[in-house]
Structures are given as C-alpha cells and as structure tokens.
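Novice: File name structure-v1.cif; file contents mmCIF, C-alpha atoms and all ligand atoms; full text below.
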```cif
data_entry
loop_
_atom_site.label_atom_id
_atom_site.label_comp_id
_atom_site.auth_asym_id
_atom_site.auth_seq_id
_atom_site.Cartn_x
_atom_site.Cartn_y
_atom_site.Cartn_z
CA MET A 63 -8.00 -28.25 70.96
CA SER A 64 -7.11 -31.89 71.21
CA LEU A 65 -9.49 -34.08 69.23
CA ASP A 66 -8.98 -37.77 68.57
CA LYS A 67 -9.80 -39.42 65.28
CA GLN A 68 -13.17 -40.73 66.42
CA LYS A 69 -14.25 -37.27 67.56
CA ILE A 70 -13.08 -35.76 64.27
CA VAL A 71 -15.14 -38.29 62.29
CA GLU A 72 -18.14 -37.48 64.47
CA LEU A 73 -17.75 -33.76 63.79
CA LEU A 74 -17.26 -34.27 60.06
CA THR A 75 -20.54 -36.17 59.90
CA THR A 76 -22.56 -34.29 62.52
CA GLU A 77 -26.19 -33.47 61.80
CA GLU A 78 -25.60 -30.15 63.55
CA ALA A 79 -23.36 -28.59 60.90
CA GLU A 80 -24.49 -25.04 61.78
CA ALA A 81 -23.45 -25.57 65.41
CA LEU A 82 -20.05 -26.80 64.23
CA TYR A 83 -19.58 -23.70 62.05
CA GLN A 84 -20.55 -21.44 64.95
CA GLN A 85 -18.13 -23.15 67.27
CA ALA A 86 -15.29 -22.77 64.74
CA ASP A 87 -16.28 -19.13 64.19
CA LYS A 88 -16.10 -18.47 67.93
CA VAL A 89 -12.69 -20.14 68.24
CA ARG A 90 -11.44 -17.99 65.34
CA HIS A 91 -12.88 -14.85 66.95
CA ASP A 92 -11.52 -15.58 70.43
CA THR A 93 -8.07 -16.58 69.17
CA LEU A 94 -7.41 -14.28 66.23
CA GLY A 95 -10.00 -11.51 66.37
CA ASP A 96 -12.01 -10.23 63.43
CA ALA A 97 -9.29 -9.27 60.95
CA VAL A 98 -9.32 -10.99 57.56
CA HIS A 99 -5.93 -11.02 55.87
CA LEU A 100 -5.82 -10.53 52.11
CA ARG A 101 -3.17 -12.18 49.94
CA GLY A 102 -2.73 -11.16 46.31
CA LEU A 103 -2.54 -14.33 44.21
CA ILE A 104 -0.53 -14.27 40.97
CA GLU A 105 -1.06 -17.29 38.72
CA PHE A 106 2.13 -16.81 36.77
CA SER A 107 2.40 -20.01 34.73
CA ASN A 108 0.00 -22.77 33.74
CA ILE A 109 2.77 -24.97 32.37
CA CYS A 110 3.24 -28.14 34.41
CA ARG A 111 5.36 -31.25 34.13
CA ASN A 112 2.82 -33.25 36.15
CA ASN A 113 -0.34 -35.01 35.15
CA CYS A 114 -2.58 -34.94 38.24
CA LEU A 115 -5.83 -36.56 37.11
CA TYR A 116 -8.04 -33.85 38.64
CA CYS A 117 -6.21 -30.78 37.45
CA GLY A 118 -7.32 -28.68 34.48
CA ILE A 119 -3.77 -27.58 33.65
CA ARG A 120 -2.26 -31.09 33.79
CA LYS A 121 0.40 -31.76 31.19
CA GLY A 122 -1.91 -34.13 29.31
CA ASN A 123 -4.65 -31.56 28.64
CA PRO A 124 -4.05 -30.44 25.02
CA HIS A 125 -6.82 -27.80 25.13
CA VAL A 126 -5.03 -25.41 27.49
CA SER A 127 -3.57 -22.17 26.09
CA ARG A 128 -0.23 -22.33 27.83
CA TYR A 129 1.59 -19.27 29.11
CA HIS A 130 4.24 -18.19 31.47
CA MET A 131 4.82 -14.61 32.47
CA SER A 132 8.21 -13.11 31.84
CA GLU A 133 10.32 -12.11 34.82
CA GLU A 134 9.45 -8.44 34.22
CA GLU A 135 5.74 -9.15 33.85
CA LEU A 136 5.64 -11.11 37.08
CA VAL A 137 7.52 -8.46 39.06
CA ASP A 138 5.33 -5.76 37.54
CA THR A 139 2.14 -7.63 38.52
CA ALA A 140 3.46 -7.93 42.08
CA ARG A 141 4.35 -4.22 42.16
CA LYS A 142 0.81 -3.26 41.13
CA ALA A 143 -0.67 -5.58 43.76
CA ALA A 144 1.54 -4.01 46.44
CA ASN A 145 0.52 -0.54 45.22
CA ILE A 146 -3.16 -1.32 45.75
CA GLY A 147 -2.44 -2.42 49.29
CA PHE A 148 -1.65 -6.15 49.37
CA LYS A 149 0.87 -7.01 52.08
CA THR A 150 1.37 -10.60 50.90
CA ILE A 151 2.03 -11.76 47.36
CA VAL A 152 1.40 -15.43 46.59
CA MET A 153 3.10 -16.67 43.45
CA GLN A 154 1.50 -19.85 42.15
CA SER A 155 2.19 -21.97 39.08
CA GLY A 156 2.36 -25.47 37.68
CA GLU A 157 5.71 -27.18 38.06
CA ASP A 158 7.33 -25.13 35.30
CA MET A 159 11.09 -25.62 35.01
CA PHE A 160 11.41 -22.47 32.89
CA TYR A 161 11.68 -20.78 36.27
CA THR A 162 15.13 -21.96 37.27
CA ALA A 163 16.26 -21.40 40.85
CA ASP A 164 18.33 -18.38 39.74
CA LYS A 165 15.38 -16.82 37.96
CA MET A 166 13.04 -17.40 40.92
CA CYS A 167 15.60 -15.92 43.32
CA ARG A 168 15.96 -12.79 41.19
CA ILE A 169 12.16 -12.42 41.10
CA ILE A 170 11.80 -12.91 44.87
CA GLU A 171 14.54 -10.35 45.59
CA GLN A 172 12.83 -7.75 43.44
CA ILE A 173 9.38 -8.38 44.91
CA LYS A 174 10.67 -8.22 48.48
CA LYS A 175 11.59 -4.58 47.80
CA PHE A 176 7.86 -3.78 47.74
CA ASP A 177 7.57 -4.40 51.50
CA VAL A 178 5.43 -7.51 51.20
CA ALA A 179 5.55 -11.05 52.53
CA VAL A 180 6.24 -13.51 49.71
CA THR A 181 4.56 -16.91 49.48
CA LEU A 182 5.63 -19.46 46.90
CA SER A 183 3.32 -22.17 45.60
CA ILE A 184 5.32 -23.77 42.80
CA GLY A 185 5.36 -27.42 43.82
CA GLU A 186 8.16 -29.87 44.44
CA ARG A 187 11.74 -28.64 44.19
CA THR A 188 15.09 -29.73 45.63
CA TYR A 189 16.32 -28.84 49.11
CA GLU A 190 18.95 -26.56 47.55
CA GLU A 191 16.29 -24.70 45.61
CA TYR A 192 14.01 -24.27 48.64
CA LYS A 193 17.05 -23.02 50.55
CA ALA A 194 17.97 -20.55 47.80
CA PHE A 195 14.40 -19.19 47.62
CA ARG A 196 14.38 -18.75 51.38
CA GLU A 197 17.71 -16.93 51.31
CA ALA A 198 16.40 -14.70 48.52
CA GLY A 199 13.63 -13.63 50.92
CA ALA A 200 10.65 -15.97 50.46
CA ASP A 201 8.69 -16.08 53.71
CA ARG A 202 6.10 -18.78 53.17
CA TYR A 203 5.54 -21.87 51.06
CA LEU A 204 2.22 -23.39 50.15
CA MET A 205 1.89 -26.95 48.94
CA ARG A 206 -1.07 -29.15 49.68
CA ILE A 207 -0.45 -32.77 50.57
CA GLU A 208 -3.87 -33.32 48.89
CA THR A 209 -4.58 -36.53 50.83
CA THR A 210 -2.77 -38.79 53.28
CA ASP A 211 -4.27 -41.88 51.65
CA LYS A 212 -1.14 -42.94 49.80
CA ASP A 213 -2.93 -45.36 47.44
CA LEU A 214 -5.38 -42.66 46.44
CA TYR A 215 -2.55 -40.14 46.04
CA HIS A 216 -0.63 -42.47 43.74
CA LYS A 217 -3.73 -43.20 41.67
CA LEU A 218 -4.54 -39.54 41.13
CA ASN A 219 -0.99 -38.21 40.86
CA PRO A 220 0.78 -40.53 38.38
CA ASN A 221 4.57 -40.62 38.53
CA MET A 222 4.56 -38.69 41.77
CA SER A 223 5.50 -39.93 45.22
CA TRP A 224 3.50 -39.14 48.35
CA GLN A 225 6.63 -39.71 50.43
CA HIS A 226 8.54 -37.19 48.35
CA ARG A 227 5.85 -34.54 48.73
CA HIS A 228 5.80 -35.16 52.48
CA ASP A 229 9.62 -34.90 52.60
CA CYS A 230 9.42 -31.59 50.72
CA LEU A 231 7.00 -30.22 53.33
CA LEU A 232 9.41 -31.21 56.11
CA MET A 233 12.33 -29.53 54.30
CA ILE A 234 10.29 -26.37 53.87
CA LYS A 235 9.49 -26.33 57.56
CA GLU A 236 13.10 -26.97 58.53
CA LEU A 237 14.25 -24.05 56.39
CA GLY A 238 12.15 -21.69 58.49
CA TYR A 239 9.37 -20.91 56.04
CA GLU A 240 5.85 -20.50 57.32
CA LEU A 241 4.44 -23.77 56.07
CA GLY A 242 1.12 -23.91 54.26
CA SER A 243 -0.41 -27.21 53.24
CA GLY A 244 -3.87 -28.64 52.93
CA ILE A 245 -6.13 -31.06 51.15
CA MET A 246 -8.78 -31.37 48.50
CA VAL A 247 -12.03 -32.91 49.74
CA GLY A 248 -14.42 -34.96 47.63
CA GLN A 249 -11.73 -36.76 45.66
CA PRO A 250 -12.97 -40.05 44.16
CA GLU A 251 -12.90 -42.87 46.75
CA GLN A 252 -11.78 -40.50 49.52
CA THR A 253 -13.46 -41.43 52.81
CA ILE A 254 -14.37 -39.40 55.89
CA ASP A 255 -12.00 -41.62 57.81
CA SER A 256 -9.16 -40.60 55.54
CA ILE A 257 -10.08 -36.89 55.80
CA ALA A 258 -9.83 -37.28 59.59
CA ASP A 259 -6.33 -38.71 59.10
CA ASP A 260 -5.47 -35.75 56.86
CA LEU A 261 -6.44 -33.23 59.54
CA LEU A 262 -4.37 -35.05 62.15
CA TYR A 263 -1.46 -35.11 59.69
CA LEU A 264 -1.64 -31.34 59.15
CA LYS A 265 -1.54 -30.86 62.90
CA GLU A 266 1.33 -33.28 63.31
CA ILE A 267 3.58 -31.58 60.75
CA GLY A 268 2.71 -28.25 62.38
CA VAL A 269 1.31 -26.25 59.48
CA ASP A 270 1.07 -22.48 59.84
CA MET A 271 -1.66 -22.36 57.23
CA ALA A 272 -4.16 -24.99 56.05
CA GLY A 273 -6.07 -24.65 52.78
CA ILE A 274 -9.06 -26.92 52.33
CA GLY A 275 -10.91 -26.88 49.05
CA PRO A 276 -13.56 -29.02 47.39
CA PHE A 277 -12.52 -31.00 44.30
CA ILE A 278 -14.40 -29.67 41.25
CA PRO A 279 -14.27 -32.00 38.21
CA HIS A 280 -12.80 -30.41 35.10
CA PRO A 281 -14.41 -31.54 31.82
CA GLN A 282 -11.07 -31.94 30.03
CA THR A 283 -9.59 -34.33 32.59
CA PRO A 284 -9.93 -38.07 33.21
CA LEU A 285 -12.07 -37.27 36.28
CA ALA A 286 -14.62 -35.27 34.26
CA LYS A 287 -17.49 -37.57 35.21
CA GLU A 288 -16.78 -37.75 38.92
CA LYS A 289 -19.14 -36.17 41.43
CA GLY A 290 -16.63 -33.89 43.10
CA GLY A 291 -16.71 -32.35 46.56
CA THR A 292 -19.44 -30.20 48.06
CA LEU A 293 -19.24 -26.82 49.72
CA GLU A 294 -20.68 -28.41 52.83
CA LEU A 295 -17.96 -31.02 53.13
CA GLY A 296 -15.38 -28.28 52.54
CA LEU A 297 -16.87 -26.11 55.29
CA ARG A 298 -17.15 -28.96 57.77
CA THR A 299 -13.55 -30.01 57.17
CA MET A 300 -12.33 -26.44 57.48
CA ALA A 301 -14.31 -25.88 60.68
CA VAL A 302 -12.82 -28.99 62.30
CA MET A 303 -9.36 -27.82 61.22
CA ARG A 304 -10.01 -24.56 63.08
CA LEU A 305 -10.96 -26.47 66.24
CA LEU A 306 -7.82 -28.60 65.96
CA MET A 307 -5.47 -25.65 65.36
CA PRO A 308 -7.06 -22.48 66.72
CA ASP A 309 -4.31 -19.99 65.81
CA ILE A 310 -3.26 -20.97 62.27
CA ASN A 311 -4.21 -19.12 59.10
CA ILE A 312 -7.07 -20.73 57.19
CA PRO A 313 -8.14 -19.35 53.80
CA ALA A 314 -11.67 -19.18 52.50
CA THR A 315 -10.80 -20.93 49.24
CA THR A 316 -11.72 -19.78 45.76
CA ALA A 317 -13.06 -23.25 44.90
CA MET A 318 -15.69 -22.76 47.63
CA GLU A 319 -16.91 -19.58 45.94
CA SER A 320 -16.98 -21.39 42.59
CA LEU A 321 -19.55 -23.78 44.08
CA HIS A 322 -21.66 -21.08 45.75
CA PRO A 323 -21.81 -17.28 45.24
CA GLN A 324 -21.37 -16.75 49.00
CA GLY A 325 -18.88 -19.60 49.44
CA ARG A 326 -16.04 -17.48 50.81
CA ILE A 327 -18.29 -15.55 53.18
CA LYS A 328 -19.72 -18.81 54.50
CA ALA A 329 -16.14 -20.03 54.99
CA LEU A 330 -15.20 -16.84 56.86
CA GLN A 331 -18.13 -17.55 59.17
CA ALA A 332 -17.02 -21.13 59.75
CA GLY A 333 -13.42 -20.67 60.86
CA ALA A 334 -11.53 -19.01 57.99
CA ASN A 335 -9.51 -15.78 58.47
CA VAL A 336 -7.74 -15.32 55.12
CA VAL A 337 -8.84 -14.62 51.53
CA MET A 338 -6.63 -14.78 48.46
CA PRO A 339 -8.05 -12.48 45.76
CA ASN A 340 -6.67 -13.01 42.29
CA VAL A 341 -4.33 -10.25 41.09
CA THR A 342 -3.40 -11.95 37.81
CA GLU A 343 -4.14 -9.70 34.87
CA GLY A 344 -5.90 -10.12 31.53
CA GLU A 345 -6.38 -13.44 29.74
CA TYR A 346 -4.05 -15.35 32.03
CA ARG A 347 -6.84 -15.59 34.59
CA ARG A 348 -8.96 -17.58 32.18
CA PHE A 349 -6.07 -19.76 31.06
CA TYR A 350 -5.24 -20.81 34.64
CA GLU A 351 -8.30 -23.02 34.79
CA LEU A 352 -7.79 -25.72 37.41
CA TYR A 353 -11.55 -26.39 37.48
CA PRO A 354 -14.61 -25.01 35.64
CA ASN A 355 -16.70 -22.01 36.77
CA LYS A 356 -13.66 -20.31 38.22
CA ILE A 357 -14.77 -16.97 39.66
CA CYS A 358 -13.66 -13.46 38.62
CA VAL A 359 -12.06 -14.46 35.31
CA ASN A 360 -13.04 -11.14 33.70
CA ASP A 361 -12.25 -8.88 36.67
CA THR A 362 -9.29 -6.67 37.48
CA PRO A 363 -7.14 -6.92 40.63
CA LEU A 364 -8.59 -3.69 42.00
CA HIS A 365 -12.14 -4.87 41.35
CA CYS A 366 -11.49 -8.19 43.14
CA LYS A 367 -9.93 -6.43 46.11
CA SER A 368 -12.82 -3.97 46.50
CA CYS A 369 -15.46 -6.67 45.94
CA ILE A 370 -14.14 -9.02 48.62
CA GLY A 371 -13.36 -6.04 50.90
CA LEU A 372 -17.01 -4.97 50.84
CA LYS A 373 -18.21 -8.51 51.47
CA ILE A 374 -15.86 -8.83 54.43
CA MET A 375 -17.06 -5.58 55.96
CA SER A 376 -20.70 -6.51 55.34
CA ILE A 377 -20.34 -9.34 57.89
CA GLY A 378 -18.75 -7.07 60.50
CA ARG A 379 -15.17 -8.14 59.90
CA THR A 380 -12.17 -5.90 59.21
CA ILE A 381 -9.35 -6.04 56.68
CA GLY A 382 -6.14 -7.14 58.37
CA GLU A 383 -3.22 -4.75 58.52
CA GLY A 384 0.38 -5.90 58.29
CA TYR A 385 1.64 -9.15 56.83
CA GLY A 386 -0.83 -11.41 58.61
CA SER A 387 1.77 -13.98 59.62
CA HIS A 388 0.88 -16.94 61.82
CA LYS A 389 0.70 -15.66 65.39
CA LYS A 390 1.60 -18.55 67.66
N1 LIG B 401 1.85 -26.85 41.36
C1 LIG B 401 1.67 -26.37 42.68
C2 LIG B 401 1.42 -27.50 43.65
O1 LIG B 401 1.36 -28.64 43.24
O2 LIG B 401 1.34 -27.23 44.85
C3 LIG B 401 0.59 -25.32 42.78
C4 LIG B 401 -0.49 -25.33 41.78
S1 LIG B 401 -1.75 -26.55 42.02
C5 LIG B 401 -2.76 -26.32 40.61
C6 LIG B 401 -2.71 -25.83 43.36
C7 LIG B 401 -3.83 -26.66 43.94
O3 LIG B 401 -4.95 -26.67 43.07
C8 LIG B 401 -3.55 -28.11 44.17
O4 LIG B 401 -2.84 -28.30 45.36
C9 LIG B 401 -4.96 -28.74 44.20
O5 LIG B 401 -5.37 -28.99 45.52
C10 LIG B 401 -5.83 -27.65 43.56
N2 LIG B 401 -6.63 -28.18 42.42
C11 LIG B 401 -6.16 -28.72 41.27
N3 LIG B 401 -7.18 -29.16 40.51
C12 LIG B 401 -8.32 -28.91 41.18
C13 LIG B 401 -9.71 -29.17 40.94
N4 LIG B 401 -10.13 -29.78 39.83
N5 LIG B 401 -10.62 -28.78 41.87
C14 LIG B 401 -10.22 -28.14 43.00
N6 LIG B 401 -8.92 -27.89 43.28
C15 LIG B 401 -7.98 -28.27 42.40
FE1 LIG B 402 0.56 -29.53 37.93
FE2 LIG B 402 -1.99 -29.26 38.24
S1 LIG B 402 -0.96 -31.01 37.40
S2 LIG B 402 -0.48 -27.78 38.61
#
```
As structure tokens, how would this structure be written, given the file I've shared?

Specialist:
Amino acid sequence: MSLDKQKIVELLTTEEAEALYQQADKVRHDTLGDAVHLRGLIEFSNICRNNCLYCGIRKGNPHVSRYHMSEEELVDTARKAANIGFKTIVMQSGEDMFYTADKMCRIIEQIKKFDVAVTLSIGERTYEEYKAFREAGADRYLMRIETTDKDLYHKLNPNMSWQHRHDCLLMIKELGYELGSGIMVGQPEQTIDSIADDLLYLKEIGVDMAGIGPFIPHPQTPLAKEKGGTLELGLRTMAVMRLLMPDINIPATTAMESLHPQGRIKALQAGANVVMPNVTEGEYRRFYELYPNKICVNDTPLHCKSCIGLKIMSIGRTIGEGYGSHKK
C-alpha cells in the first residue's frame, strides 16, 4: 500500500486504534494467510564493544555477568532447537569480537547441516565478513536501524555512526541476504514524525523483515529514569508497517510481551506473522538482559515453544511449516 508521510502520521495517532489493528490483521491474512513462523532465538553472547545508552548489556554496565558460549555450546544449542522443530535459528549477540569471521563461518557451516535457515544478528561487521558469513550459508541478517533521526541516534549510540549502520544494511542486502531491520519506539525525544520517517526508510531500503519494539528503560543504564515506549505505540507502528509492506515478515516482539502478558498475541492480531521464542538455555537467558522484566527467563526451549504454540492456536492461527522466508 502506498502511504505518504502525512497519512502515516495520521494512522500513528488515530483515535481508532482498534480499526487500524483490524485493517493490518486483514492485510496480513489476505496476503500471507494464517501461518505464524517460529524462529528459535539463541542469545549466545552478552559481551559488547558498544555503549548504547538504552541497552542493559552495554559495555559500561559493570553489573552484568558476562558470558559467551563456546563454539560447541552454540552449535549444540542450535542442534537441540532444530530437533524440537525450529526451521530457523537466529543467533544474536552483542558486538563480541571473540567471534572472529573464521569462527562464525565454522559455526554457520555446522548449523546449516541441521536443515534450518540461519539468521545472524551480531551487529556491524566489515563487507568481507558479511560476505564470508553469507558464503558459509547464512540466509538472513537482522540489524535494526533503531531510528532515522541521526541526531537522536548519535546521542543514544555514542561512538557509532548512523551512516555506517545504514551502509552495513545496504551491503547486507547487496550480498543477497534476506534483510531484517527495524526500530525501537518510545526512545527519549523521538517524535511521531520521525517514526513516520523510519517506516518510509524501511520501505525504501526494501526490508524483508521489520522488527518494531518498544523501548523499555533498564535500571542500570543512563536512561533508567526515562518513560519508555508503550505497547500501544508499538502496535500502532507495527500495524502501519504491515499496511506499507503487506508481504514482509513482521515479528511479534518479546519486548511487547514484557509490557503486557498478551503482548505477542495482540501483535499477531495487529499485523505480525512471526514469533521468536527463546531457545537459549540455563542462566544465559537471565544474563542477556537488554531490559527489565524480560519474559521466560526460567523456562526451557521446549516449554517456550509449546507455550507460544498453544497461544497461537488459541487465536485460530497455525504454526508455519518450512523456513518461512519472505514471499514476494
Ligand atoms: N548487537 C546486535 C545489534 O546491534 O543489532 C544485536 C543485539 S541488540 C541488543 C538487539 C536489539 O535490542 C537492538 O537493536 C535494540 O533495538 C534492542 N534493545 C536494546 N536495548 C533495549 C531496551 N532497553 N528496550 C527494548 N529494546 C532494546
Ligand atoms: Fe551492544 Fe546493546 S550495546 S548489544
């Protein structure tokens, strides 16, 4: 659907939010059907060289118990996730240089043997590294642009460059990955006008997947006292994204469920068609704390898969079969 900026702002602020959600739900149904694709998310390292002001695992937070999984541990976690039926494995971490390109490539090659699609979400790397990961078999890459307001980006992401992150997204696209990006809504000083720009940006770069999550202030970060985003703003933004790009993959984000016990179900009924249950094991789940009240920290991968599976079926949807790639 072609929407101009003014129309997007109108939708983001409409008094008829329920009607907006229903419209997005219908577009999702008519374009993609009722399948919900599950991705098994492995949070394999909380070590990061960056210091994003909002992020619980930022380098400057001394209270984090830092970990990174060994190569064997990571591959083993992926194997177990594949064995319980996940057809996509998402590997996410801070920007942890322990995982050299060679190490990542070895890991990707081993995980690809489990007949799964592999998504990487490990931040900014060089063109050569993205190319090597792709050649090793990585199918998708997920990196949010966070905001297109460059001043805001530079305030909240010290020593990082918006232009560089944007260039990375273009490289990823050029290398033939399915490109996932997205934004965080409710960042301090972020305006509705700028969120409208963000949605147009995601359309312009041609994302295959768009993740939209509310910002939740973490008590051990410089933004501890900020208000944060709301579930409602997250849902509205996500619903408009669905209208703008009817056939892309849109996850019901974990941050939404952290704000409301039915957050992901509400998202699935407002345009989303993907869920990313956590398949990280043991204490690591708790240590990968981007924001407080993270859900499922004491659960097992199988428990998370069954729990979300039942919720999905309870609203008349089905669990997607196959890799759930972007169908253009
Ligand atoms: N390092 C990789 C990157 O930069 O893409 C992946 C990990 S990073 C922690 C994943 C996402 O978590 C970020 O893109 C950001 O949108 C989200 N995030 C970080 N802190 C958050 C917070 N306090 N509330 C909600 N989302 C947050
Ligand atoms: Fe790097 Fe959050 S600051 S993952």

Novice: Please find the residues contacting ligand LIG 401 (chain B) at a distance of at most 6 Å between atoms, with only C-alpha atoms and all ligand atoms counted, and report them as a ChimeraX atom specification.

Specialist: /A:116-117,154-157,183-185,205-206,208,246,276-280,317,352-353

Novice: Here is a test: counting only C-alpha atoms, which residue of A:Ile310, A:Leu182, A:Cys114, A:Ala194 is nearest to Val89 of chain A?

Specialist: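 Ranked by minimum distance to Val89 of chain A, first place goes to A:Ile310.
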
Novice: What gap, in Å, lies between atom CA of Thr93 of chain A and atom CA of Met307 of chain A?

Specialist: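 Interatomic distance, atom CA of Thr93 of chain A to atom CA of Met307 of chain A: 10.2 Å.
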
Novice: From the list A:Val337, A:Leu82, A:Ala286, A:Val137, which residue is nearest Arg304 of chain A when using only C-alpha atoms?

Specialist: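 Comparing A:Val337, A:Leu82, A:Ala286, A:Val137 against Arg304 of chain A, the winner is A:Leu82.
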
Novice: In terms of the shortest atom-to-atom distance over only C-alpha atoms, which of A:Leu237, A:Val126, A:Asn113, A:Arg326 is closest to His216 of chain A?

Specialist: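 Going through A:Leu237, A:Val126, A:Asn113, A:Arg326 one by one, the smallest distance to His216 of chain A is for A:Asn113.
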
Novice: Env of Val336 of chain A: 7 Å cut, atoms = all atoms listed in the file, seq-sep filter 2 positions within chain, self excluded. Answer as a list in words.

Specialist: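 My reading of the contact set: Val98, His99, Leu100, Asn311, Ile312, Pro313, Ala314, Ala334 and Met338 of chain A.
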
Novice: Have a look at A:Arg347, A:Lys165, A:Arg187, A:Lys149 and name the one nearest to Ser127 of chain A; count all atoms listed in the file.

Specialist: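 So, comparing all the options, the nearest one is A:Arg347.
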